[in-house]
>>> print(open('target_11.cif').read())   # mmCIF, C-alpha atoms
data_query
#
loop_
_atom_site.label_atom_id
_atom_site.label_comp_id
_atom_site.auth_asym_id
_atom_site.auth_seq_id
_atom_site.Cartn_x
_atom_site.Cartn_y
_atom_site.Cartn_z
CA MET A 26 0.00 0.00 0.00
CA SER A 27 2.61 2.51 1.10
CA ALA A 28 4.74 1.34 -1.80
CA LEU A 29 1.93 2.22 -4.17
CA ILE A 30 1.60 5.68 -2.62
CA ALA A 31 5.36 6.20 -2.69
CA ARG A 32 5.53 5.13 -6.35
CA ALA A 33 2.66 7.40 -7.35
CA GLU A 34 4.13 10.33 -5.44
CA ALA A 35 7.60 9.72 -6.80
CA ARG A 36 6.20 10.13 -10.30
CA SER A 37 4.69 13.52 -9.44
CA PRO A 38 6.45 14.91 -6.35
CA GLU A 39 5.61 18.50 -7.24
CA THR A 40 1.92 18.20 -6.50
CA GLY A 41 2.15 17.13 -2.83
CA LEU A 42 -1.19 15.41 -3.14
CA GLY A 43 -0.33 12.55 -0.79
CA GLU A 44 0.67 15.02 1.89
CA ARG A 45 -2.54 17.02 1.48
CA ILE A 46 -4.63 13.85 1.66
CA ALA A 47 -2.86 12.75 4.82
CA GLU A 48 -3.55 16.13 6.45
CA ASN A 49 -7.19 16.36 5.46
CA GLN A 50 -8.61 12.91 4.77
CA ARG A 51 -10.10 12.32 8.21
CA ARG A 52 -11.92 15.64 8.37
CA VAL A 53 -13.03 15.50 4.73
CA PHE A 54 -14.38 12.00 5.21
CA GLN A 55 -16.23 13.04 8.38
CA ILE A 56 -17.88 15.99 6.66
CA ALA A 57 -19.19 13.66 3.97
CA TYR A 58 -20.17 11.03 6.53
CA SER A 59 -22.08 13.50 8.72
CA VAL A 60 -24.21 14.44 5.72
CA LEU A 61 -24.59 11.01 4.15
CA GLY A 62 -24.48 8.65 7.12
CA ASN A 63 -22.89 5.95 5.01
CA ALA A 64 -19.17 5.16 4.95
CA ALA A 65 -19.03 3.90 1.36
CA ASP A 66 -20.80 6.97 -0.03
CA ALA A 67 -18.71 9.23 2.20
CA GLU A 68 -15.51 7.69 0.83
CA ASP A 69 -16.67 8.14 -2.75
CA VAL A 70 -17.46 11.79 -2.14
CA ALA A 71 -14.20 12.42 -0.26
CA GLN A 72 -12.24 10.78 -3.08
CA GLU A 73 -14.02 12.90 -5.67
CA ALA A 74 -13.22 16.05 -3.68
CA PHE A 75 -9.49 15.17 -3.58
CA LEU A 76 -9.43 14.30 -7.26
CA ARG A 77 -10.99 17.65 -8.08
CA ALA A 78 -8.32 19.30 -5.96
CA CYS A 79 -5.64 17.60 -8.10
CA GLN A 80 -6.78 19.65 -11.06
CA LYS A 81 -5.90 22.83 -9.15
CA SER A 82 -2.19 22.52 -8.55
CA ALA A 83 -1.96 26.03 -7.04
CA LEU A 84 -4.32 24.91 -4.29
CA LEU A 85 -2.13 21.95 -3.40
CA ARG A 86 0.78 24.25 -2.63
CA ASP A 87 -1.18 26.38 -0.12
CA THR A 88 -2.15 24.34 2.96
CA GLU A 89 -4.71 26.80 4.34
CA LYS A 90 -6.37 27.50 1.02
CA PHE A 91 -6.54 23.81 0.31
CA ARG A 92 -8.16 23.12 3.66
CA GLY A 93 -10.93 25.69 3.11
CA TRP A 94 -11.48 24.68 -0.48
CA VAL A 95 -11.69 20.96 0.17
CA ASN A 96 -14.08 21.51 3.12
CA ARG A 97 -16.42 23.48 0.90
CA ILE A 98 -16.27 21.12 -2.05
CA VAL A 99 -16.79 17.93 -0.05
CA PHE A 100 -19.79 19.43 1.76
CA ARG A 101 -21.40 20.45 -1.53
CA LEU A 102 -20.66 17.11 -3.16
CA ALA A 103 -22.16 15.30 -0.17
CA LEU A 104 -25.30 17.45 -0.26
CA ASN A 105 -25.66 16.81 -4.01
CA ARG A 106 -25.29 13.09 -3.53
CA LYS A 107 -27.80 13.12 -0.72
CA ARG A 108 -30.33 14.99 -2.85
CA GLY A 109 -29.83 12.46 -5.64
CA HIS A 110 -30.16 9.62 -3.13
CA TRP A 111 -33.43 10.96 -1.77
CA ARG A 112 -34.78 11.47 -5.27
CA ARG A 113 -33.93 7.88 -6.21
CA LEU A 114 -35.34 6.57 -2.96
CA ALA A 115 -38.57 8.53 -3.37
CA ARG A 116 -38.91 7.23 -6.91
CA ASP A 117 -38.03 3.59 -6.28
CA THR A 118 -39.23 2.82 -2.77
CA ALA A 119 -41.70 5.50 -1.80
CA TRP A 120 -43.99 2.91 -0.22
CA GLN A 121 -41.43 1.81 2.38
CA MET A 122 -39.58 5.07 3.06
CA ASN A 123 -40.98 5.57 6.55
CA GLU A 124 -40.54 1.95 7.50
CA THR A 125 -36.93 1.40 6.46
CA PRO A 126 -34.47 2.49 9.16
CA THR A 127 -31.29 4.19 8.00
CA MET A 128 -28.28 2.02 8.73
CA VAL A 129 -25.66 3.93 10.65
CA ASP A 130 -22.10 2.64 10.58
CA GLY A 131 -19.87 2.60 13.60
CA ALA A 132 -22.48 2.33 16.35
CA LYS A 133 -21.20 0.25 19.22
CA ASP A 134 -24.36 -1.59 20.16
CA ALA A 135 -27.97 -2.02 19.18
CA GLU A 136 -29.27 0.61 21.59
CA GLN A 137 -26.77 3.16 20.42
CA GLN A 138 -27.63 2.24 16.85
CA VAL A 139 -31.29 2.95 17.55
CA MET A 140 -30.48 6.24 19.28
CA LEU A 141 -28.18 7.31 16.46
CA ASP A 142 -30.78 6.40 13.92
CA ARG A 143 -33.33 8.49 15.77
CA LEU A 144 -30.88 11.37 16.15
CA ARG A 145 -30.13 11.29 12.44
CA ARG A 146 -33.83 11.46 11.66
CA GLU A 147 -34.24 14.42 14.03
CA ILE A 148 -31.26 16.17 12.43
CA GLU A 149 -32.90 15.68 9.04
CA ARG A 150 -36.01 17.40 10.38
CA LEU A 151 -34.07 20.50 11.45
CA PRO A 152 -34.35 23.60 9.26
CA GLY A 153 -31.68 23.52 6.52
CA LYS A 154 -29.59 26.39 7.93
CA LEU A 155 -29.40 24.80 11.38
CA ARG A 156 -28.79 21.33 9.98
CA SER A 157 -25.80 22.45 7.85
CA VAL A 158 -24.19 24.19 10.81
CA LEU A 159 -24.72 21.19 13.06
CA GLN A 160 -23.42 18.66 10.51
CA LEU A 161 -20.23 20.64 10.03
CA SER A 162 -19.72 21.56 13.68
CA ILE A 163 -19.67 17.97 14.89
CA VAL A 164 -16.73 17.17 12.61
CA GLU A 165 -13.32 17.00 14.29
CA GLU A 166 -11.10 20.07 13.90
CA MET A 167 -13.97 22.15 12.56
CA GLU A 168 -14.05 25.40 14.52
CA ALA A 169 -16.85 27.93 14.17
CA ALA A 170 -14.68 29.95 11.77
CA ASP A 171 -14.12 26.87 9.54
CA VAL A 172 -17.84 26.12 9.49
CA GLY A 173 -18.55 29.76 8.71
CA ALA A 174 -16.05 29.68 5.84
CA VAL A 175 -17.79 26.66 4.30
CA LEU A 176 -21.26 28.18 4.61
CA GLY A 177 -20.28 31.80 4.01
CA ILE A 178 -21.54 33.08 7.37
CA PRO A 179 -19.77 34.72 10.35
CA ALA A 180 -18.50 32.56 13.22
CA GLY A 181 -20.95 34.26 15.62
CA THR A 182 -23.88 33.16 13.46
CA VAL A 183 -22.48 29.63 13.44
CA ARG A 184 -22.41 29.55 17.26
CA SER A 185 -25.91 30.94 17.56
CA ARG A 186 -27.34 28.50 15.01
CA LEU A 187 -25.54 25.60 16.67
CA HIS A 188 -27.04 26.53 20.01
CA THR A 189 -30.55 26.70 18.49
CA ALA A 190 -30.03 23.35 16.77
CA ARG A 191 -28.93 21.68 20.02
CA LYS A 192 -31.91 23.16 21.82
CA LEU A 193 -34.33 21.81 19.21
CA LEU A 194 -32.64 18.40 19.31
CA LEU A 195 -32.82 18.31 23.08
CA ASP A 196 -36.56 18.86 22.83
CA ALA A 197 -36.97 16.32 20.07
CA MET A 198 -34.97 13.59 21.83
CA LYS A 199 -37.09 13.67 25.00
CA MET B 15 -43.05 21.00 37.56
CA LYS B 16 -45.59 23.28 39.17
CA ASN B 17 -47.50 25.78 37.06
CA ALA B 18 -45.65 28.58 38.85
CA CYS B 19 -42.36 27.06 37.61
CA GLU B 20 -43.49 27.09 33.98
CA ARG B 21 -41.56 30.31 33.36
CA TRP B 22 -38.32 28.59 34.40
CA LYS B 23 -38.66 25.90 31.72
CA ASP B 24 -36.66 27.72 29.07
CA PRO B 25 -33.95 29.03 31.43
CA LEU B 26 -33.55 25.47 32.71
CA ARG B 27 -32.91 24.16 29.19
CA GLU B 28 -30.50 27.02 28.54
CA ALA B 29 -28.68 26.23 31.75
CA ALA B 30 -28.44 22.58 30.80
CA LEU B 31 -27.06 23.39 27.36
CA THR B 32 -24.66 26.15 28.33
CA GLY B 33 -23.60 24.79 31.73
CA THR B 34 -24.08 28.16 33.36
CA THR B 35 -26.89 29.00 35.78
CA PRO B 36 -28.12 32.60 36.06
CA ARG B 37 -28.38 34.01 39.56
CA ASP B 38 -32.21 34.27 39.57
CA LEU B 39 -32.53 30.65 38.49
CA GLU B 40 -30.03 29.58 41.13
CA GLU B 41 -32.14 31.28 43.80
CA HIS B 42 -35.24 29.56 42.50
CA LEU B 43 -33.52 26.16 42.42
CA ARG B 44 -32.62 26.51 46.10
CA SER B 45 -36.28 26.67 46.98
CA CYS B 46 -37.72 24.34 44.29
CA ALA B 47 -36.82 20.66 44.38
CA LYS B 48 -38.83 19.89 41.24
CA CYS B 49 -36.98 22.40 39.14
CA SER B 50 -33.67 21.13 40.53
CA ALA B 51 -34.64 17.61 39.48
CA GLU B 52 -35.76 18.94 36.08
CA LEU B 53 -32.41 20.67 35.65
CA ASP B 54 -30.56 17.46 36.49
CA GLU B 55 -32.67 15.59 33.96
CA GLU B 56 -32.09 18.24 31.27
CA ARG B 57 -28.36 18.13 32.00
CA ALA B 58 -28.31 14.35 31.65
CA ARG B 59 -30.17 14.53 28.34
CA ALA B 60 -27.84 17.27 27.08
CA ALA B 61 -24.85 15.12 28.04
CA ARG B 62 -26.33 12.12 26.19
CA LEU B 63 -26.99 14.30 23.15
CA ASP B 64 -23.46 15.71 23.22
CA ALA B 65 -22.03 12.22 23.47
CA LEU B 66 -24.14 10.98 20.60
CA LEU B 67 -23.75 13.93 18.24
CA PRO B 68 -20.07 13.37 17.36
CA LEU B 69 -20.91 9.82 16.34
CA VAL B 70 -23.07 11.22 13.55
CA ALA B 71 -19.87 12.44 11.92
CA ARG B 72 -17.19 10.31 13.56
CA GLY B 73 -18.97 6.97 13.63
CA ALA B 74 -16.80 5.59 10.83
CA GLU B 75 -13.31 5.96 9.47
CA PRO B 76 -12.07 6.05 5.90
CA SER B 77 -10.74 2.66 4.80
CA ALA B 78 -7.02 1.94 5.16
CA ASP B 79 -6.37 2.10 1.42
CA PHE B 80 -8.26 5.37 0.96
CA ARG B 81 -5.15 7.49 0.45
CA ALA B 82 -3.62 4.98 -1.94
CA ARG B 83 -6.81 4.86 -4.00
CA VAL B 84 -7.02 8.64 -4.26
CA VAL B 85 -3.35 8.95 -5.23
CA ALA B 86 -3.75 6.15 -7.78
CA GLY B 87 -6.91 7.81 -9.13
CA ALA B 88 -5.11 11.12 -9.44
CA GLU B 89 -2.20 9.42 -11.17
CA ALA B 90 -4.56 7.71 -13.61
CA ALA B 91 -6.29 11.03 -14.32
CA ARG B 92 -2.91 12.69 -14.89
CA GLU B 93 -1.84 9.89 -17.26
CA GLY B 94 -5.08 10.33 -19.15
CA LYS B 95 -4.39 14.04 -19.43
CA ARG B 96 -0.87 13.41 -20.63
CA ALA B 97 -2.10 10.98 -23.26
CA ARG B 98 -4.73 13.39 -24.41
CA PRO B 99 -2.64 16.17 -26.12
CA TRP B 100 -1.87 14.23 -29.33
CA ARG B 101 -5.54 13.39 -29.61
CA VAL B 102 -6.45 17.01 -29.03
CA TRP B 103 -3.99 18.23 -31.66
CA THR B 104 -5.12 15.61 -34.18
CA LEU B 105 -8.75 16.53 -33.65
CA ALA B 106 -7.90 20.23 -33.84
CA GLY B 107 -6.00 19.70 -37.12
CA ALA B 108 -8.79 17.65 -38.64
CA GLY B 109 -11.28 20.28 -37.53
CA ALA B 110 -9.21 23.06 -39.08
CA VAL B 111 -8.95 21.17 -42.41
CA VAL B 112 -12.68 20.57 -42.49
CA ALA B 113 -13.32 24.25 -41.69
CA VAL B 114 -10.99 25.44 -44.48
CA VAL B 115 -12.59 23.07 -47.02
CA LEU B 116 -16.04 24.25 -45.98
CA VAL B 117 -15.05 27.93 -46.28
CA ILE B 118 -13.54 27.36 -49.75
CA GLY B 119 -16.63 25.44 -50.86
CA VAL B 120 -18.98 28.14 -49.61
CA VAL B 121 -16.94 30.91 -51.27
CA MET B 122 -16.83 29.02 -54.61
CA TYR B 123 -20.52 28.27 -54.51
CA ARG B 124 -21.38 31.90 -53.73
CA ARG B 125 -19.16 33.17 -56.50
CA THR B 126 -20.70 30.84 -59.12
CA THR B 127 -24.25 31.63 -58.15
CA GLN B 128 -23.50 35.37 -58.07
CA THR B 129 -21.99 35.32 -61.60
CA ILE B 130 -24.96 33.49 -63.06
CA SER B 131 -27.53 35.65 -61.42
CA PHE B 132 -25.64 38.82 -62.33
CA SER B 133 -25.29 37.92 -65.99
CA VAL B 134 -28.92 36.88 -66.26
CA THR B 135 -30.02 40.15 -64.72
CA GLU B 136 -27.72 42.09 -66.95
CA LEU B 137 -28.98 40.28 -70.04
CA ALA B 138 -32.56 40.94 -69.13
CA ALA B 139 -31.80 44.63 -68.56
CA ALA B 140 -29.95 44.89 -71.87
CA GLN B 141 -32.77 43.14 -73.67
CA LYS B 142 -35.27 45.57 -72.21
CA LEU B 143 -33.12 48.54 -73.16
CA ALA B 144 -32.71 47.32 -76.73
CA GLU B 145 -36.38 46.80 -77.20
CA TRP B 146 -37.35 50.07 -75.69
CA ARG B 147 -38.74 52.70 -78.06
CA ALA B 148 -39.61 56.18 -76.99
CA PRO B 149 -43.21 57.12 -77.74
CA SER B 150 -41.92 60.27 -79.48
CA ASP B 151 -39.67 58.31 -81.88
CA GLY B 152 -42.33 58.63 -84.61
CA LEU B 153 -42.14 62.41 -84.42
CA LEU B 154 -38.41 62.36 -85.15
CA ALA B 155 -38.87 60.68 -88.54
CA THR B 156 -37.93 63.09 -91.39
CA PRO B 157 -38.94 62.97 -95.04
CA GLY B 158 -35.29 62.60 -96.01
CA GLN B 159 -34.96 59.28 -94.27
CA GLU B 160 -36.52 57.45 -97.16
CA ILE B 161 -33.97 58.99 -99.57
CA LEU B 162 -31.09 58.08 -97.22
CA ARG B 163 -32.33 54.56 -97.20
CA THR B 164 -32.61 54.13 -100.96
CA MET B 165 -29.73 56.32 -102.21
CA PRO B 166 -26.24 54.73 -102.49
CA ARG B 167 -23.51 56.25 -100.33
CA LEU B 168 -20.39 57.75 -101.80
CA GLY B 169 -18.56 55.11 -103.85
CA GLU B 170 -21.49 52.72 -103.84
CA SER B 171 -23.62 51.68 -106.77
CA TYR B 172 -27.41 51.65 -106.93
CA LEU B 173 -27.19 47.90 -107.30
CA ASN B 174 -25.50 47.52 -103.89
CA VAL B 175 -27.94 49.56 -101.90
CA PRO B 176 -29.49 47.13 -99.44
CA VAL B 177 -33.15 47.25 -99.05
CA LYS B 178 -33.67 47.98 -95.40
CA THR B 179 -36.86 47.18 -93.66
CA ASP B 180 -38.17 48.88 -90.53
CA GLU B 181 -37.49 45.82 -88.49
CA GLU B 182 -33.82 45.85 -89.44
CA GLU B 183 -33.54 49.40 -88.18
#
>>> encode(input="target_11.cif", output="structure tokens")
Amino acid sequence: MSALIARAEARSPETGLGERIAENQRRVFQIAYSVLGNAADAEDVAQEAFLRACQKSALLRDTEKFRGWVNRIVFRLALNRKRGHWRRLARDTAWQMNETPTMVDGAKDAEQQVMLDRLRREIERLPGKLRSVLQLSIVEEMEAADVGAVLGIPAGTVRSRLHTARKLLLDAMK
Amino acid sequence: MKNACERWKDPLREAALTGTTPRDLEEHLRSCAKCSAELDEERARAARLDALLPLVARGAEPSADFRARVVAGAEAAREGKRARPWRVWTLAGAGAVVAVVLVIGVVMYRRTTQTISFSVTELAAAQKLAEWRAPSDGLLATPGQEILRTMPRLGESYLNVPVKTDEEE
């Protein structure tokens, strides 16, 4: 595996792609996963985001710019995929939509799985502005300023929306 | 919660979420066991929510070969790009040749059609001009015209004088 990476990077050392992936892959994956709730889809979206970044070599040289850019692009790609997923689901299996529970990866036990499933459903019911802020804020290393940069809003607005979202969730999870 | 404590419902939730208790609420909690219990419950629910929320994003990890796959994908895309230029140039060349041939064809076609239409128009105009007779032409006829027609010119004989008809004129 590492040999494959080393070989690929040796062929194009100027891009620094491997380094950028190593720095950002966890956060980028989590952003996609918080929106999609499915590891396979999240990986696809994260991979697409990195491949798009490859086409912008200037971005790869600037760590901070790359971080902001890849956060934005992966969030948009994940939202697009989710919209497409819902459209397909509504078209193909409208009759069982309310009955089929969403499978959540990574839950430690059945009870937690049920709670997570419920929490995900409640998050989906939040108003779009609050939901976006919440989905980005729960990602590791995503400060209010980072979330604000992705959504184009000030950090103060992020904090206030996050507070409102938590309040609504606390009510909903009674 | 008693009806009188209804107004403390929202501050209780705020206190549970923020972890800070305002002074007036603190005073109320000292005298109200129900609200104290409610606050404890809200705090426990907030703690459960805060423990659960990160799992929504951090419940899974990218697979071990994720980085390798992305790098390999990028490499493949770059190879594809590298291989593309000759194709691009070939297509561009072929496109340019086709465009030149088309332009030449269009120019030739236009020229031919213009020549034909121009000459036909010109012929028609000339024909009209030749056939045109002014209505006052009859007034210009002189008595001497008949003599000019029948008399031989200088150096000609009477025998050579052609008999001209009106149509020939």
>>> resolve_selection(input="target_11.cif", expression="the PyMOL selection byres ((chain A and resi 59) around 9)", output="list in words")
Phe54, Gln55, Ile56, Ala57, Tyr58, Val60, Leu61, Gly62, Asn63, Ala67, Gln160, Leu161, Ile163 and Val164 of chain A; Pro68, Leu69, Val70, Ala71, Arg72 and Gly73 of chain B
>>> resolve_selection(input="target_11.cif", expression="the PyMOL selection byres ((chain B) within 12 of (chain A))", output="PyMOL selection string")
chain B and resi 23-32+55-93+95
>>> write_last_selection(input="target_11.cif", atoms="C-alpha atoms", output="tab-separated table (two decimals), in the coordinates of the input")
chain	number	residue	atom	x	y	z
B	23	LYS	CA	-38.66	25.90	31.72
B	24	ASP	CA	-36.66	27.72	29.07
B	25	PRO	CA	-33.95	29.03	31.43
B	26	LEU	CA	-33.55	25.47	32.71
B	27	ARG	CA	-32.91	24.16	29.19
B	28	GLU	CA	-30.50	27.02	28.54
B	29	ALA	CA	-28.68	26.23	31.75
B	30	ALA	CA	-28.44	22.58	30.80
B	31	LEU	CA	-27.06	23.39	27.36
B	32	THR	CA	-24.66	26.15	28.33
B	55	GLU	CA	-32.67	15.59	33.96
B	56	GLU	CA	-32.09	18.24	31.27
B	57	ARG	CA	-28.36	18.13	32.00
B	58	ALA	CA	-28.31	14.35	31.65
B	59	ARG	CA	-30.17	14.53	28.34
B	60	ALA	CA	-27.84	17.27	27.08
B	61	ALA	CA	-24.85	15.12	28.04
B	62	ARG	CA	-26.33	12.12	26.19
B	63	LEU	CA	-26.99	14.30	23.15
B	64	ASP	CA	-23.46	15.71	23.22
B	65	ALA	CA	-22.03	12.22	23.47
B	66	LEU	CA	-24.14	10.98	20.60
B	67	LEU	CA	-23.75	13.93	18.24
B	68	PRO	CA	-20.07	13.37	17.36
B	69	LEU	CA	-20.91	9.82	16.34
B	70	VAL	CA	-23.07	11.22	13.55
B	71	ALA	CA	-19.87	12.44	11.92
B	72	ARG	CA	-17.19	10.31	13.56
B	73	GLY	CA	-18.97	6.97	13.63
B	74	ALA	CA	-16.80	5.59	10.83
B	75	GLU	CA	-13.31	5.96	9.47
B	76	PRO	CA	-12.07	6.05	5.90
B	77	SER	CA	-10.74	2.66	4.80
B	78	ALA	CA	-7.02	1.94	5.16
B	79	ASP	CA	-6.37	2.10	1.42
B	80	PHE	CA	-8.26	5.37	0.96
B	81	ARG	CA	-5.15	7.49	0.45
B	82	ALA	CA	-3.62	4.98	-1.94
B	83	ARG	CA	-6.81	4.86	-4.00
B	84	VAL	CA	-7.02	8.64	-4.26
B	85	VAL	CA	-3.35	8.95	-5.23
B	86	ALA	CA	-3.75	6.15	-7.78
B	87	GLY	CA	-6.91	7.81	-9.13
B	88	ALA	CA	-5.11	11.12	-9.44
B	89	GLU	CA	-2.20	9.42	-11.17
B	90	ALA	CA	-4.56	7.71	-13.61
B	91	ALA	CA	-6.29	11.03	-14.32
B	92	ARG	CA	-2.91	12.69	-14.89
B	93	GLU	CA	-1.84	9.89	-17.26
B	95	LYS	CA	-4.39	14.04	-19.43
>>> resolve_selection(input="target_11.cif", expression="the PyMOL selection byres ((chain A and resi 85) around 7)", output="list in words")
Thr40, Gly41, Leu42, Arg45, Lys81, Ser82, Ala83, Leu84, Arg86, Asp87, Thr88 and Phe91 of chain A
>>> residues_around(input="target_11.cif", residues="Val158 in chain A", least_positions_apart="5", cutoff="9 Å", atoms="only C-alpha atoms", output="list in words")
Gly153, Ile163, Ala169, Val172, Gly173, Leu176, Val183, Arg184, Arg186, Leu187 and Ala190 of chain A
>>> atom_distance(input="target_11.cif", atom1="CA of Glu41 in chain B", atom2="CA of Ala197 in chain A")
28.5 Å
>>> residues_around(input="target_11.cif", residues="range 20-22 of chain B", least_positions_apart="2", cutoff="12 Å", atoms="only C-alpha atoms", output="JSON, numbers by chain")
{"B": [15, 16, 17, 18, 24, 25, 26, 27, 28, 29, 35, 36, 38, 39, 40, 41, 42, 43, 46, 48, 49, 50, 52, 53]}
>>> atom_distance(input="target_11.cif", atom1="CA of Glu160 in chain B", atom2="CA of Arg147 in chain B")
19.8 Å
